[in-house]
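Asks: Structure below; questions to follow.
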Amino acid sequence: MAAPLQERDALAKGDDVSRIKVLWLSPKVLFRGKGIMEAWGDEMALQGWSFTDDYNDADLVFFGSDSQLKAEYIGEKPSLMFFWGWNPRRFVLRPEVDGEPWGDFATRQVNLMGRCTGVLVPGPVTLDQAMMMGLNNLRLCLPGVDARTLEPAMKYEPYSKNQVLYVGRLADHKGVHMLIQAMSML
């Protein structure tokens with residue numbers, strides 16, 4: 001078995017991560033290509049991280065989404081989870097999740113998140129949402145974009161002075177429709 005973590009925040013830039021085995025639990029991508037979790041996992045592997053599918057062999061458990069939380073994997077070993085936030089409509093419409101009432105589902109998930117060593121959030125809005133839910137084990141972790149992947153596009157002359165690049169999910173609460181409306185007014 002790999003050496004255990006010495007403390008919760010033991011890793012610093014440049015540390016040897018090859019000694020740590022990560023159980024990486026990530027939701028399935030519902031589209032062609034790689035999702036952000038697959039891209040992160042690939043990058044971590046390039047930096048020397050090792051992964052395992054066996055909880056007993058893992059030194060660290062990582063949940064790529066609250067949908068992946070498993071109570072039996074939280075508590076004994078350091079655990080991190082990435083909370084992407086919940087669409088505010090869920091709190092109003094209160095839909096069922098896999099046949100479970102929204103309130104019961106949300107309470108269970110928040111309790112599990114609170115038991116994790118740390119909860120990573122992608123931005124200040126999600127950080128506020130998580131804090132309002134009572135979580136205090138939070139770390140801001142901006143996913144960002146690797147600008148190197150955009151370099152080829154930057155070599156071409158723009159065909160219009162009013163151009164916008166949006167990188168993210170097309171979800172109603174992201175406000176892309178307002179961006180489109182604003183662009184039409186220019």
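Residue numbers start at 1 in each chain; chains themselves are named A, B, ... in the order of the structure tokens; ligands are numbered from 1 in the order shown.
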For the structure I just gave you, how does DSSP split chain A - specifically, which residues are alpha helix (DSSP H)? Reply as a VMD selection string.
Replies: chain A and resid 36 to 46 88 to 93 102 to 115 124 to 132 151 to 154 176 to 184
Asks: Compile the contact shell of region 43-55 of chain A as a list in words: residues with an atom at most 7 Å away, counting only C-alpha atoms, same-chain residues fewer than 4 positions apart removed.
Replies: Val17, Ser18, Ile20, Lys21, Val22, Leu23, Trp24 and Ala39 of chain A
Asks: Enumerate the residues of chain A with a DSSP assignment of strand (DSSP E or B), computed from the backbone, and present them as JSON, numbers by chain.
Replies: {"A": [21, 22, 23, 24, 25, 50, 51, 52, 60, 61, 62, 63, 79, 80, 81, 82, 97, 100, 118, 119, 120, 121, 138, 139, 140]}
Asks: Output N, CA and C atoms of each residue in that selection to a file, as a PDB file, in the first residue's frame.
Replies:
```
ATOM      1  N   LYS A  21      -1.799   7.454  -4.084  1.00  0.00           N
ATOM      2  CA  LYS A  21      -2.752   6.806  -4.985  1.00  0.00           C
ATOM      3  C   LYS A  21      -4.128   7.416  -4.758  1.00  0.00           C
ATOM      4  N   VAL A  22      -4.743   7.822  -5.843  1.00  0.00           N
ATOM      5  CA  VAL A  22      -6.035   8.505  -5.768  1.00  0.00           C
ATOM      6  C   VAL A  22      -7.135   7.606  -6.319  1.00  0.00           C
ATOM      7  N   LEU A  23      -8.197   7.452  -5.545  1.00  0.00           N
ATOM      8  CA  LEU A  23      -9.425   6.837  -6.044  1.00  0.00           C
ATOM      9  C   LEU A  23     -10.229   7.991  -6.633  1.00  0.00           C
ATOM     10  N   TRP A  24     -10.375   8.010  -7.945  1.00  0.00           N
ATOM     11  CA  TRP A  24     -10.948   9.125  -8.703  1.00  0.00           C
ATOM     12  C   TRP A  24     -12.347   8.734  -9.153  1.00  0.00           C
ATOM     13  N   LEU A  25     -13.356   9.295  -8.528  1.00  0.00           N
ATOM     14  CA  LEU A  25     -14.746   8.975  -8.854  1.00  0.00           C
ATOM     15  C   LEU A  25     -15.346  10.162  -9.585  1.00  0.00           C
ATOM     16  N   SER A  50      -0.775   8.876  -9.347  1.00  0.00           N
ATOM     17  CA  SER A  50      -1.217   7.529  -9.721  1.00  0.00           C
ATOM     18  C   SER A  50      -2.646   7.337  -9.226  1.00  0.00           C
ATOM     19  N   PHE A  51      -3.360   6.509  -9.942  1.00  0.00           N
ATOM     20  CA  PHE A  51      -4.779   6.297  -9.673  1.00  0.00           C
ATOM     21  C   PHE A  51      -5.046   4.823  -9.423  1.00  0.00           C
ATOM     22  N   THR A  52      -6.078   4.576  -8.669  1.00  0.00           N
ATOM     23  CA  THR A  52      -6.489   3.208  -8.378  1.00  0.00           C
ATOM     24  C   THR A  52      -8.008   3.131  -8.425  1.00  0.00           C
ATOM     25  N   LEU A  60      -6.108   8.724  -1.052  1.00  0.00           N
ATOM     26  CA  LEU A  60      -6.959   9.901  -1.151  1.00  0.00           C
ATOM     27  C   LEU A  60      -8.154   9.543  -2.023  1.00  0.00           C
ATOM     28  N   VAL A  61      -9.332   9.987  -1.619  1.00  0.00           N
ATOM     29  CA  VAL A  61     -10.543   9.765  -2.409  1.00  0.00           C
ATOM     30  C   VAL A  61     -10.971  11.114  -2.990  1.00  0.00           C
ATOM     31  N   PHE A  62     -11.202  11.143  -4.301  1.00  0.00           N
ATOM     32  CA  PHE A  62     -11.654  12.368  -4.965  1.00  0.00           C
ATOM     33  C   PHE A  62     -12.997  12.111  -5.633  1.00  0.00           C
ATOM     34  N   PHE A  63     -13.993  12.923  -5.289  1.00  0.00           N
ATOM     35  CA  PHE A  63     -15.325  12.849  -5.894  1.00  0.00           C
ATOM     36  C   PHE A  63     -15.445  14.009  -6.876  1.00  0.00           C
ATOM     37  N   SER A  79     -10.524  12.981   1.897  1.00  0.00           N
ATOM     38  CA  SER A  79     -11.442  12.980   0.755  1.00  0.00           C
ATOM     39  C   SER A  79     -11.701  14.411   0.306  1.00  0.00           C
ATOM     40  N   LEU A  80     -11.656  14.600  -0.999  1.00  0.00           N
ATOM     41  CA  LEU A  80     -11.968  15.884  -1.622  1.00  0.00           C
ATOM     42  C   LEU A  80     -13.129  15.670  -2.559  1.00  0.00           C
ATOM     43  N   MET A  81     -13.951  16.690  -2.695  1.00  0.00           N
ATOM     44  CA  MET A  81     -15.007  16.611  -3.704  1.00  0.00           C
ATOM     45  C   MET A  81     -15.122  17.958  -4.370  1.00  0.00           C
ATOM     46  N   PHE A  82     -15.536  17.929  -5.632  1.00  0.00           N
ATOM     47  CA  PHE A  82     -15.740  19.161  -6.388  1.00  0.00           C
ATOM     48  C   PHE A  82     -17.232  19.413  -6.463  1.00  0.00           C
ATOM     49  N   VAL A  97     -35.179  13.488  -7.219  1.00  0.00           N
ATOM     50  CA  VAL A  97     -33.907  13.016  -7.756  1.00  0.00           C
ATOM     51  C   VAL A  97     -33.888  11.508  -7.578  1.00  0.00           C
ATOM     52  N   GLU A 100     -36.328  10.308  -5.126  1.00  0.00           N
ATOM     53  CA  GLU A 100     -36.200  10.833  -3.763  1.00  0.00           C
ATOM     54  C   GLU A 100     -36.606  12.314  -3.762  1.00  0.00           C
ATOM     55  N   GLY A 118     -12.256  18.208   2.326  1.00  0.00           N
ATOM     56  CA  GLY A 118     -12.354  19.502   1.669  1.00  0.00           C
ATOM     57  C   GLY A 118     -13.344  19.456   0.528  1.00  0.00           C
ATOM     58  N   VAL A 119     -13.963  20.601   0.265  1.00  0.00           N
ATOM     59  CA  VAL A 119     -14.891  20.751  -0.854  1.00  0.00           C
ATOM     60  C   VAL A 119     -14.353  21.868  -1.736  1.00  0.00           C
ATOM     61  N   LEU A 120     -14.077  21.534  -2.982  1.00  0.00           N
ATOM     62  CA  LEU A 120     -13.586  22.507  -3.954  1.00  0.00           C
ATOM     63  C   LEU A 120     -14.775  23.087  -4.703  1.00  0.00           C
ATOM     64  N   VAL A 121     -14.767  24.392  -4.949  1.00  0.00           N
ATOM     65  CA  VAL A 121     -15.841  25.055  -5.693  1.00  0.00           C
ATOM     66  C   VAL A 121     -15.213  25.860  -6.826  1.00  0.00           C
ATOM     67  N   LEU A 138     -14.406  24.593   2.711  1.00  0.00           N
ATOM     68  CA  LEU A 138     -14.413  25.005   1.306  1.00  0.00           C
ATOM     69  C   LEU A 138     -13.066  25.552   0.852  1.00  0.00           C
ATOM     70  N   ARG A 139     -12.759  25.299  -0.414  1.00  0.00           N
ATOM     71  CA  ARG A 139     -11.589  25.867  -1.080  1.00  0.00           C
ATOM     72  C   ARG A 139     -12.024  26.300  -2.475  1.00  0.00           C
ATOM     73  N   LEU A 140     -11.670  27.516  -2.848  1.00  0.00           N
ATOM     74  CA  LEU A 140     -11.943  28.015  -4.192  1.00  0.00           C
ATOM     75  C   LEU A 140     -10.913  27.409  -5.136  1.00  0.00           C
TER      76      LEU A 140
END
```
Asks: Would you mind listing what lies within 12 Å of Arg89 (chain A) as an MDAnalysis selection string, with only C-alpha atoms counted and same-chain residues fewer than 6 positions away left out?
Replies: chainID A and resid 95 102 171:173
Asks: For C-alpha atoms, I'd like the residues from the last selection saved as a PDB file, in the first residue's frame.
Replies:
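Okay, selection-v3.pdb is ready:
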```
ATOM      1  CA  PRO A  95     -37.884  18.084  -8.257  1.00  0.00           C
ATOM      2  CA  TRP A 102     -35.427  17.116  -3.390  1.00  0.00           C
ATOM      3  CA  ALA A 171     -27.127  26.332 -18.885  1.00  0.00           C
ATOM      4  CA  ASP A 172     -29.899  28.858 -18.352  1.00  0.00           C
ATOM      5  CA  HIS A 173     -28.471  30.161 -15.078  1.00  0.00           C
TER       6      HIS A 173
END
```
Asks: Go through A:Asn162, A:Ser67, A:Ser26, A:Thr126 one by one, measure the shortest atom-to-atom distance of each to Lys174 (chain A) using only C-alpha atoms, and give the residue with the smallest value.
Replies: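 The shortest atom-to-atom distance to Lys174 (chain A) comes from A:Thr126.
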Asks: Please provide as a tab-separated table (two decimals) with C-alpha atoms, in the first residue's frame all residues within 12 Å of Pro122 (chain A), with the sequence filter that same-chain residues fewer than 4 positions apart are discarded (counting only C-alpha atoms).
Replies:
```
chain	number	residue	atom	x	y	z
A	36	ILE	CA	-13.19	18.45	-17.47
A	64	GLY	CA	-15.69	14.75	-9.18
A	65	SER	CA	-19.24	15.79	-8.31
A	81	MET	CA	-15.01	16.61	-3.70
A	82	PHE	CA	-15.74	19.16	-6.39
A	83	PHE	CA	-19.09	20.89	-5.90
A	84	TRP	CA	-20.22	22.50	-9.14
A	85	GLY	CA	-23.24	24.12	-7.49
A	126	THR	CA	-20.82	28.54	-5.94
A	127	LEU	CA	-18.71	29.40	-2.90
A	128	ASP	CA	-21.55	31.61	-1.62
A	129	GLN	CA	-24.10	28.88	-2.32
A	130	ALA	CA	-22.04	26.29	-0.45
A	138	LEU	CA	-14.41	25.00	1.31
A	139	ARG	CA	-11.59	25.87	-1.08
A	140	LEU	CA	-11.94	28.01	-4.19
A	141	CYS	CA	-10.49	26.13	-7.18
A	142	LEU	CA	-10.97	27.97	-10.48
A	143	PRO	CA	-11.02	25.36	-13.26
A	144	GLY	CA	-9.84	27.87	-15.86
A	168	GLY	CA	-18.61	26.75	-20.38
```
Asks: Of the candidates A:Val92, A:Cys116, A:Met37, A:Val110, which one gets nearest to Met131 (chain A) if we count only C-alpha atoms?
Replies: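 Under the stated criterion, the closest residue is A:Val110.
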Asks: What does the distance between CA of Asp66 (chain A) and CA of Tyr166 (chain A) come to in Å, to one decimal place?
Replies: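 Computed distance, CA of Asp66 (chain A) to CA of Tyr166 (chain A), equals 25.1 Å.
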Asks: Calculate how many Å separate CA of Lys161 (chain A) from CA of Leu186 (chain A), rounding to one decimal.
Replies: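 These two atoms are separated by 10.4 Å.
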